[in-house]
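Source file entry-v1.cif; content: mmCIF, C-alpha atoms and all ligand atoms.
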data_coords
#
loop_
_atom_site.label_atom_id
_atom_site.label_comp_id
_atom_site.auth_asym_id
_atom_site.auth_seq_id
_atom_site.Cartn_x
_atom_site.Cartn_y
_atom_site.Cartn_z
CA PRO A 588 -64.18 89.00 -7.16
CA ARG A 589 -65.39 88.25 -10.66
CA LEU A 590 -68.16 85.61 -10.74
CA VAL A 591 -67.24 82.77 -13.07
CA ILE A 592 -68.98 79.71 -14.49
CA LEU A 593 -66.41 77.29 -15.87
CA ASP A 594 -67.70 75.21 -18.78
CA THR A 595 -65.20 72.40 -19.18
CA ASP A 596 -64.30 68.95 -20.57
CA PRO A 597 -61.55 67.80 -18.17
CA GLY A 598 -58.92 67.25 -19.61
CA VAL A 599 -55.44 67.80 -18.16
CA ASP A 600 -55.20 71.51 -18.99
CA ASP A 601 -58.80 71.89 -17.75
CA ALA A 602 -57.61 70.34 -14.47
CA LEU A 603 -54.83 72.91 -14.25
CA ALA A 604 -57.39 75.65 -14.96
CA LEU A 605 -59.43 74.43 -11.97
CA LEU A 606 -56.28 74.40 -9.85
CA TYR A 607 -55.55 77.99 -10.93
CA LEU A 608 -59.12 79.04 -10.12
CA SER A 609 -58.85 77.55 -6.66
CA ALA A 610 -55.79 79.69 -6.00
CA ARG A 611 -57.26 83.03 -7.12
CA SER A 612 -59.22 85.21 -4.72
CA ASP A 613 -60.11 87.53 -7.63
CA LEU A 614 -62.20 84.77 -9.28
CA LYS A 615 -65.24 83.26 -7.60
CA LEU A 616 -66.42 79.99 -9.11
CA LEU A 617 -70.23 79.76 -9.14
CA ALA A 618 -70.49 76.42 -10.94
CA ILE A 619 -68.61 73.91 -13.03
CA THR A 620 -70.57 72.79 -16.09
CA THR A 621 -69.38 69.82 -18.12
CA VAL A 622 -69.42 68.92 -21.78
CA PHE A 623 -68.13 66.08 -23.96
CA GLY A 624 -64.78 66.83 -25.59
CA ASN A 625 -61.54 65.40 -24.30
CA ALA A 626 -63.62 62.32 -23.41
CA ASP A 627 -67.33 61.47 -23.37
CA VAL A 628 -69.51 63.47 -21.01
CA GLU A 629 -69.83 60.73 -18.38
CA THR A 630 -66.04 60.71 -18.13
CA THR A 631 -65.55 64.48 -18.17
CA THR A 632 -68.27 64.84 -15.49
CA ARG A 633 -66.67 62.15 -13.32
CA ASN A 634 -63.35 63.96 -13.78
CA ALA A 635 -64.89 67.30 -12.79
CA LEU A 636 -66.31 65.76 -9.60
CA TRP A 637 -62.97 64.11 -8.81
CA LEU A 638 -61.06 67.33 -9.46
CA ARG A 639 -63.44 69.40 -7.36
CA ASP A 640 -62.88 67.12 -4.38
CA THR A 641 -59.16 66.64 -4.95
CA ILE A 642 -58.44 70.33 -5.41
CA GLY A 643 -60.86 71.29 -2.64
CA LEU A 644 -63.31 73.48 -4.54
CA SER A 645 -66.89 73.80 -3.35
CA ALA A 646 -68.79 74.73 -6.54
CA PRO A 647 -71.61 72.50 -7.84
CA VAL A 648 -70.98 70.35 -10.91
CA HIS A 649 -73.71 70.22 -13.57
CA ARG A 650 -73.55 67.72 -16.36
CA GLY A 651 -73.99 69.08 -19.87
CA ALA A 652 -74.09 68.08 -23.51
CA GLU A 653 -73.11 64.60 -24.61
CA ALA A 654 -73.12 65.41 -28.31
CA PRO A 655 -72.66 68.35 -30.68
CA LEU A 656 -75.83 70.30 -31.59
CA ASN A 657 -76.45 68.27 -34.71
CA GLY A 658 -74.07 65.39 -34.53
CA PRO A 659 -73.64 61.94 -33.06
CA ARG A 660 -72.36 61.52 -29.50
CA GLY A 661 -68.96 63.07 -29.33
CA ALA A 662 -65.53 62.75 -27.79
CA SER A 663 -62.27 63.78 -29.29
CA PRO A 664 -60.81 60.84 -31.22
CA VAL A 665 -57.32 61.96 -30.21
CA HIS A 666 -56.42 60.64 -26.76
CA VAL A 667 -53.99 63.38 -25.85
CA HIS A 668 -55.48 63.32 -22.34
CA GLY A 669 -55.26 59.54 -21.87
CA GLU A 670 -58.08 57.03 -21.77
CA ASN A 671 -59.57 58.53 -18.60
CA GLY A 672 -59.21 62.13 -19.80
CA LEU A 673 -56.81 62.99 -16.98
CA GLY A 674 -53.54 61.59 -18.26
CA ASP A 675 -54.44 58.13 -16.93
CA ILE A 676 -53.58 59.05 -13.35
CA ASP A 677 -55.12 56.91 -10.62
CA LEU A 678 -58.63 58.18 -9.92
CA SER A 679 -59.53 55.61 -7.30
CA GLY A 680 -60.50 56.88 -3.87
CA PRO A 681 -63.67 57.58 -1.95
CA SER A 682 -66.76 57.19 -4.12
CA LEU A 683 -67.79 60.41 -5.79
CA PRO A 684 -71.13 62.16 -5.36
CA ALA A 685 -73.55 62.39 -8.28
CA PRO A 686 -73.50 65.61 -10.26
CA ASP A 687 -75.74 68.40 -8.95
CA ALA A 688 -79.32 68.61 -10.22
CA GLY A 689 -80.00 70.63 -13.35
CA ALA A 690 -78.53 70.41 -16.83
CA ALA A 691 -75.50 72.58 -17.52
CA HIS A 692 -77.18 74.93 -20.00
CA ALA A 693 -80.26 75.38 -17.77
CA ARG A 694 -78.06 76.19 -14.79
CA ILE A 695 -76.06 78.70 -16.85
CA ILE A 696 -79.31 80.49 -17.70
CA GLU A 697 -80.48 80.52 -14.06
CA LEU A 698 -77.19 81.83 -12.72
CA VAL A 699 -76.97 84.58 -15.33
CA HIS A 700 -80.56 85.64 -14.61
CA ALA A 701 -79.88 85.62 -10.86
CA ASN A 702 -76.74 87.78 -11.22
CA PRO A 703 -77.48 90.21 -14.06
CA GLY A 704 -74.38 91.87 -15.47
CA ALA A 705 -72.07 89.99 -13.13
CA VAL A 706 -71.33 86.52 -14.52
CA THR A 707 -68.41 85.72 -16.82
CA LEU A 708 -68.81 82.46 -18.75
CA VAL A 709 -65.45 80.83 -19.28
CA ALA A 710 -65.67 78.02 -21.84
CA ILE A 711 -62.70 75.68 -22.17
CA GLY A 712 -64.39 72.83 -24.06
CA PRO A 713 -66.73 72.56 -27.07
CA LEU A 714 -69.33 75.35 -27.05
CA THR A 715 -72.47 73.19 -27.06
CA ASN A 716 -73.74 74.17 -23.58
CA LEU A 717 -73.35 77.87 -24.34
CA ALA A 718 -75.19 77.50 -27.64
CA LEU A 719 -78.03 75.60 -25.92
CA ALA A 720 -78.27 78.28 -23.22
CA LEU A 721 -78.43 81.01 -25.88
CA ARG A 722 -81.07 79.14 -27.82
CA ASP A 723 -83.34 78.72 -24.77
CA ALA A 724 -82.70 82.21 -23.35
CA PRO A 725 -81.33 84.67 -25.93
CA ASP A 726 -81.62 87.44 -23.32
CA ILE A 727 -78.54 86.10 -21.51
CA ALA A 728 -76.48 87.72 -24.29
CA SER A 729 -77.17 91.13 -22.76
CA LEU A 730 -76.99 89.92 -19.15
CA VAL A 731 -73.52 88.34 -18.94
CA ALA A 732 -70.46 90.32 -17.93
CA GLY A 733 -68.57 88.50 -20.65
CA VAL A 734 -67.79 85.24 -22.40
CA THR A 735 -64.20 84.05 -22.53
CA ILE A 736 -63.40 81.10 -24.75
CA MET A 737 -60.32 78.94 -25.18
CA GLY A 738 -60.73 78.02 -28.79
CA GLY A 739 -59.95 78.67 -32.40
CA ALA A 740 -56.81 78.91 -34.48
CA PHE A 741 -55.94 81.57 -37.02
CA ALA A 742 -52.53 80.35 -38.15
CA GLN A 743 -52.57 76.60 -37.56
CA GLY A 744 -54.99 74.14 -35.97
CA ASN A 745 -54.32 71.12 -33.81
CA VAL A 746 -56.95 68.49 -34.73
CA THR A 747 -56.66 69.41 -38.39
CA PRO A 748 -54.24 71.80 -40.10
CA TYR A 749 -57.02 74.41 -39.91
CA ALA A 750 -59.09 73.72 -36.81
CA GLU A 751 -58.65 73.74 -33.06
CA ALA A 752 -60.31 70.94 -31.07
CA ASN A 753 -62.90 72.88 -29.04
CA ILE A 754 -64.29 74.61 -32.13
CA HIS A 755 -63.96 71.53 -34.35
CA ASN A 756 -65.88 69.36 -31.84
CA ASP A 757 -69.03 71.48 -32.36
CA ALA A 758 -68.49 73.98 -35.14
CA GLU A 759 -72.19 74.78 -35.35
CA ALA A 760 -72.35 75.68 -31.66
CA ALA A 761 -69.17 77.74 -32.05
CA ALA A 762 -70.75 79.71 -34.92
CA ALA A 763 -73.87 80.40 -32.85
CA VAL A 764 -71.80 81.58 -29.89
CA LEU A 765 -69.43 83.74 -31.96
CA GLU A 766 -72.30 85.30 -33.91
CA ALA A 767 -74.35 86.22 -30.84
CA PRO A 768 -74.43 89.82 -29.62
CA TRP A 769 -72.51 89.32 -26.38
CA PRO A 770 -69.03 90.42 -25.39
CA VAL A 771 -66.77 87.53 -26.44
CA THR A 772 -63.06 87.19 -25.85
CA LEU A 773 -61.36 84.41 -27.77
CA VAL A 774 -58.08 82.91 -26.58
CA PRO A 775 -56.96 80.84 -29.58
CA LEU A 776 -54.11 78.39 -30.12
CA ASP A 777 -52.09 81.22 -31.65
CA ALA A 778 -51.69 82.55 -28.10
CA THR A 779 -51.93 79.40 -25.98
CA ARG A 780 -49.30 77.45 -27.95
CA SER A 781 -46.62 79.68 -26.49
CA CYS A 782 -47.72 79.00 -22.90
CA VAL A 783 -45.75 75.82 -22.35
CA LEU A 784 -45.15 74.34 -18.94
CA SER A 785 -41.83 72.58 -19.44
CA THR A 786 -41.30 69.11 -17.99
CA SER A 787 -38.62 70.48 -15.69
CA ALA A 788 -40.92 73.23 -14.39
CA ALA A 789 -43.65 70.62 -13.83
CA ARG A 790 -41.15 68.49 -11.94
CA THR A 791 -40.13 71.46 -9.79
CA ALA A 792 -43.79 72.24 -9.06
CA GLY A 793 -44.15 68.59 -8.01
CA GLY A 794 -47.28 66.99 -6.54
CA PHE A 795 -50.51 67.23 -8.49
CA VAL A 796 -49.03 69.32 -11.33
CA GLU A 797 -46.18 66.90 -11.98
CA THR A 798 -48.38 63.79 -11.79
CA ILE A 799 -51.23 65.02 -13.95
CA THR A 800 -49.06 66.49 -16.70
CA ARG A 801 -46.76 63.51 -17.18
CA GLY A 802 -48.85 61.63 -19.80
CA TYR A 803 -50.07 64.85 -21.43
CA ALA A 804 -46.50 66.06 -21.89
CA ALA A 805 -45.54 62.69 -23.37
CA ALA A 806 -48.41 62.97 -25.87
CA TYR A 807 -47.28 66.47 -26.85
CA ALA A 808 -43.70 65.27 -27.18
CA ALA A 809 -44.90 62.54 -29.56
CA HIS A 810 -47.35 64.68 -31.58
CA GLU A 811 -45.68 68.09 -31.67
CA GLY A 812 -42.12 67.45 -30.50
CA LEU A 813 -42.69 69.72 -27.52
CA ASP A 814 -40.88 69.62 -24.20
CA GLY A 815 -43.76 70.04 -21.79
CA CYS A 816 -47.41 70.87 -22.26
CA PRO A 817 -49.32 73.95 -23.33
CA LEU A 818 -51.60 75.51 -20.71
CA HIS A 819 -54.38 76.23 -23.23
CA ASP A 820 -57.25 76.37 -20.76
CA VAL A 821 -55.31 78.15 -18.02
CA ALA A 822 -54.60 80.90 -20.55
CA ALA A 823 -58.32 81.63 -20.90
CA LEU A 824 -58.55 82.38 -17.16
CA VAL A 825 -55.33 84.38 -17.14
CA SER A 826 -56.72 86.55 -19.93
CA LEU A 827 -59.22 87.70 -17.27
CA THR A 828 -56.81 88.15 -14.39
CA VAL A 829 -53.73 89.48 -16.21
CA PRO A 830 -54.87 90.72 -19.65
CA GLU A 831 -51.57 92.63 -20.03
CA LEU A 832 -49.94 89.30 -20.86
CA PHE A 833 -51.80 89.27 -24.19
CA THR A 834 -51.92 91.26 -27.40
CA ALA A 835 -55.46 91.67 -28.66
CA ARG A 836 -57.23 92.67 -31.82
CA THR A 837 -60.93 92.86 -32.55
CA THR A 838 -62.81 91.46 -35.54
CA ALA A 839 -65.93 89.47 -36.35
CA VAL A 840 -65.22 85.74 -36.50
CA GLY A 841 -66.75 83.07 -38.74
CA VAL A 842 -66.48 79.31 -38.37
CA GLY A 843 -65.93 76.88 -41.26
CA GLN A 844 -68.71 74.30 -41.56
CA GLY A 845 -68.05 70.98 -43.27
CA GLY A 846 -65.27 69.98 -45.62
CA GLU A 847 -61.59 70.15 -44.84
CA ARG A 848 -61.91 73.57 -43.22
CA HIS A 849 -64.56 72.40 -40.75
CA GLY A 850 -64.08 74.22 -37.47
CA GLN A 851 -61.62 76.78 -38.81
CA THR A 852 -61.99 80.25 -37.28
CA LEU A 853 -61.56 83.17 -39.64
CA ALA A 854 -61.72 86.92 -39.44
CA ILE A 855 -64.77 88.13 -41.38
CA ALA A 856 -66.11 91.56 -42.27
CA ASP A 857 -69.61 91.37 -40.81
CA GLY A 858 -70.80 90.24 -37.42
CA PRO A 859 -70.43 91.13 -33.77
CA PRO A 860 -66.91 92.14 -32.76
CA VAL A 861 -64.87 89.47 -30.98
CA ARG A 862 -61.82 90.40 -28.96
CA ILE A 863 -59.08 87.96 -29.92
CA HIS A 864 -55.99 87.48 -27.81
CA VAL A 865 -53.76 86.72 -30.76
CA GLU A 866 -50.49 86.52 -28.88
CA ALA A 867 -49.36 85.82 -25.34
CA ASP A 868 -46.25 86.35 -23.29
CA GLY A 869 -46.05 82.59 -22.78
CA ALA A 870 -43.11 82.57 -20.38
CA GLY A 871 -44.72 85.32 -18.31
CA LEU A 872 -48.00 83.44 -18.22
CA VAL A 873 -46.42 80.18 -17.08
CA GLU A 874 -44.47 82.04 -14.39
CA HIS A 875 -47.68 83.74 -13.23
CA PHE A 876 -49.48 80.38 -13.13
CA LEU A 877 -46.75 78.75 -11.05
CA ARG A 878 -46.58 81.71 -8.68
CA SER A 879 -50.36 81.65 -8.23
CA ILE A 880 -50.57 77.95 -7.38
CA THR A 881 -47.55 77.86 -5.08
CA PRO A 882 -48.68 78.27 -1.48
CA ARG A 883 -47.10 81.35 0.04
CA LYS A 884 -44.67 80.68 2.84
CA HIS A 885 -45.70 82.71 5.87
CA SER A 886 -42.92 84.31 7.76
CA THR A 887 -43.18 83.25 11.40
CA SER A 888 -40.85 86.01 12.58
CA ALA A 889 -43.40 88.60 11.49
CA VAL A 890 -45.91 87.28 13.99
CA SER A 891 -43.55 86.66 16.90
CA ASN A 892 -44.29 88.18 20.31
C1 LIG B 901 -58.31 72.53 -26.21
O1 LIG B 901 -58.77 71.21 -26.54
C2 LIG B 901 -58.69 70.38 -25.42
O2 LIG B 901 -58.00 69.21 -25.75
C3 LIG B 901 -57.95 71.14 -24.36
O3 LIG B 901 -58.44 70.81 -23.08
C4 LIG B 901 -58.19 72.57 -24.71
O4 LIG B 901 -59.40 73.03 -24.15
C5 LIG B 901 -57.03 72.80 -26.97
O5 LIG B 901 -57.26 72.70 -28.33
CA CA B 902 -60.52 71.78 -22.40
#

Can the structure in the file be given as structure tokens, please?
Amino acid sequence: PRLVILDTDPGVDDALALLYLSARSDLKLLAITTVFGNADVETTTRNALWLRDTIGLSAPVHRGAEAPLNGPRGASPVHVHGENGLGDIDLSGPSLPAPDAGAAHARIIELVHANPGAVTLVAIGPLTNLALALRDAPDIASLVAGVTIMGGAFAQGNVTPYAEANIHNDAEAAAAVLEAPWPVTLVPLDATRSCVLSTSAARTAGGFVETITRGYAAAYAAHEGLDGCPLHDVAALVSLTVPELFTARTTAVGVGQGGERHGQTLAIADGPPVRIHVEADGAGLVEHFLRSITPRKHSTSAVSN
């Protein structure tokens, strides 16, 4: 399997990405690293610990950045993911362990050094931890297997008309990550917007999926008039497991800094090539997600006698 570090700000679609990971034998999760984003970092870290236990994953959880590289403490002002970051579902239960020792960016560096050429960094929150790791150990750029990012928007943003939330939350970190000489795949809103889990499909899936998406879907219905919720972060993982579901093009990418185009991603002439999954077969991706997370029914007749 492919070794993965998931850098995340859970987040309802982050939660579904963790669920997807847990169901895939072709992805091996080395660590979950957290970052501010959908909520402050204390909350996203608590959510990561809760999700790890609830979903039954065994990877360590390392707390990461609480603020953008050069900004005040951050959390998205838009509460699409509810006050608790997970659609305001009930998070009570047994008390959670503390996060594992070691800051997110330091752990990323250690794991990449320990597994040269083998680790894929999958970032589904603001890119602060990745930028900090690069700053402290630029050599990781040539030691990762790849970097896959849910982020960016080329046609239309979500937090502003131009910018997507993960990039907008730390545009400076995003620029550092997209300008570094490592193999980056970007899965922007242009692709993930079409990957919508409808409310009826969520209801059919039932259980965890139905519960956790209820508030998120309501927020999307209110903000974007959508029936259901986009699987933004799941799409980043699926771009690794089933890349055929995407159409890609390659270009250098710049990031708007300041002003009304803050956090906008744009194709530029100079810079390291970034593979951009500009379009997705959304229906196919959602079907693949649901098939992956549905436990297979084992035929008992096949093992009789
Ligand atoms: C991205 O922002 C967050 O709200 C989601 O979890 C996703 O990573 C979509 O813009
Ligand atoms: Ca996220």

Name each residue within 9 Å of ligand CA 902 (chain B), counting all atoms listed in the file, as a PDB file with C-alpha atoms, in the coordinates of the input.
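So the final result, stored in result_1.pdb, reads:
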ATOM      1  CA  ASP A 594     -67.700  75.210 -18.780  1.00  0.00           C
ATOM      2  CA  THR A 595     -65.200  72.400 -19.180  1.00  0.00           C
ATOM      3  CA  ASP A 596     -64.300  68.950 -20.570  1.00  0.00           C
ATOM      4  CA  PRO A 597     -61.550  67.800 -18.170  1.00  0.00           C
ATOM      5  CA  GLY A 598     -58.920  67.250 -19.610  1.00  0.00           C
ATOM      6  CA  VAL A 599     -55.440  67.800 -18.160  1.00  0.00           C
ATOM      7  CA  ASP A 600     -55.200  71.510 -18.990  1.00  0.00           C
ATOM      8  CA  ASP A 601     -58.800  71.890 -17.750  1.00  0.00           C
ATOM      9  CA  ALA A 602     -57.610  70.340 -14.470  1.00  0.00           C
ATOM     10  CA  ALA A 604     -57.390  75.650 -14.960  1.00  0.00           C
ATOM     11  CA  GLY A 624     -64.780  66.830 -25.590  1.00  0.00           C
ATOM     12  CA  ASN A 625     -61.540  65.400 -24.300  1.00  0.00           C
ATOM     13  CA  ALA A 710     -65.670  78.020 -21.840  1.00  0.00           C
ATOM     14  CA  ILE A 711     -62.700  75.680 -22.170  1.00  0.00           C
ATOM     15  CA  GLY A 712     -64.390  72.830 -24.060  1.00  0.00           C
ATOM     16  CA  PRO A 713     -66.730  72.560 -27.070  1.00  0.00           C
ATOM     17  CA  MET A 737     -60.320  78.940 -25.180  1.00  0.00           C
ATOM     18  CA  GLY A 738     -60.730  78.020 -28.790  1.00  0.00           C
ATOM     19  CA  ALA A 752     -60.310  70.940 -31.070  1.00  0.00           C
ATOM     20  CA  ASN A 753     -62.900  72.880 -29.040  1.00  0.00           C
ATOM     21  CA  HIS A 819     -54.380  76.230 -23.230  1.00  0.00           C
ATOM     22  CA  ASP A 820     -57.250  76.370 -20.760  1.00  0.00           C
TER      23      ASP A 820
END

For Ala792 (chain A), which residue among A:Leu616, A:Ala690, A:Val873, A:Ile642 is the nearest when counting all atoms listed in the file?
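Between A:Leu616, A:Ala690, A:Val873, A:Ile642, the residue approaching Ala792 (chain A) most closely is A:Val873.
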
Pick from A:Ala724, A:Ala867, A:Val842, A:Leu673: nearest to ligand LIG 901 (chain B), with all atoms listed in the file counted?
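Closest candidate: A:Leu673.
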
At a cut-off of 9 Å, using all atoms listed in the file, what residues contact Gly744 (chain A)? Leave out same-chain residues fewer than 5 positions from it and give the result as a PyMOL selection string.
chain A and resi 739+749-752+776-777+851

Within 8 Å of region 796-799 of chain A, counting only C-alpha atoms, which residues show up once you throw out same-chain ones fewer than 5 positions away? Write them as a PDB file with C-alpha atoms, keeping the file's coordinate frame, please.
ATOM      1  CA  VAL A 599     -55.440  67.800 -18.160  1.00  0.00           C
ATOM      2  CA  LEU A 603     -54.830  72.910 -14.250  1.00  0.00           C
ATOM      3  CA  LEU A 673     -56.810  62.990 -16.980  1.00  0.00           C
ATOM      4  CA  GLY A 674     -53.540  61.590 -18.260  1.00  0.00           C
ATOM      5  CA  ILE A 676     -53.580  59.050 -13.350  1.00  0.00           C
ATOM      6  CA  ALA A 789     -43.650  70.620 -13.830  1.00  0.00           C
ATOM      7  CA  ARG A 790     -41.150  68.490 -11.940  1.00  0.00           C
ATOM      8  CA  THR A 791     -40.130  71.460  -9.790  1.00  0.00           C
TER       9      THR A 791
END

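When atom C4 of ligand LIG 901 (chain B) is paired with CA of Ile592 (chain A), their separation reads 16.5 Å.
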
Shell of 6 Å around region 827-835 of chain A, all atoms listed in the file, local chain residues under 6 positions omitted, as a count of residues only:
6

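Of the listed residues (A:Pro659, A:Pro775, A:Pro684, A:Pro860), A:Pro775 comes nearest to ligand LIG 901 (chain B); the distances count only C-alpha atoms and all ligand atoms.
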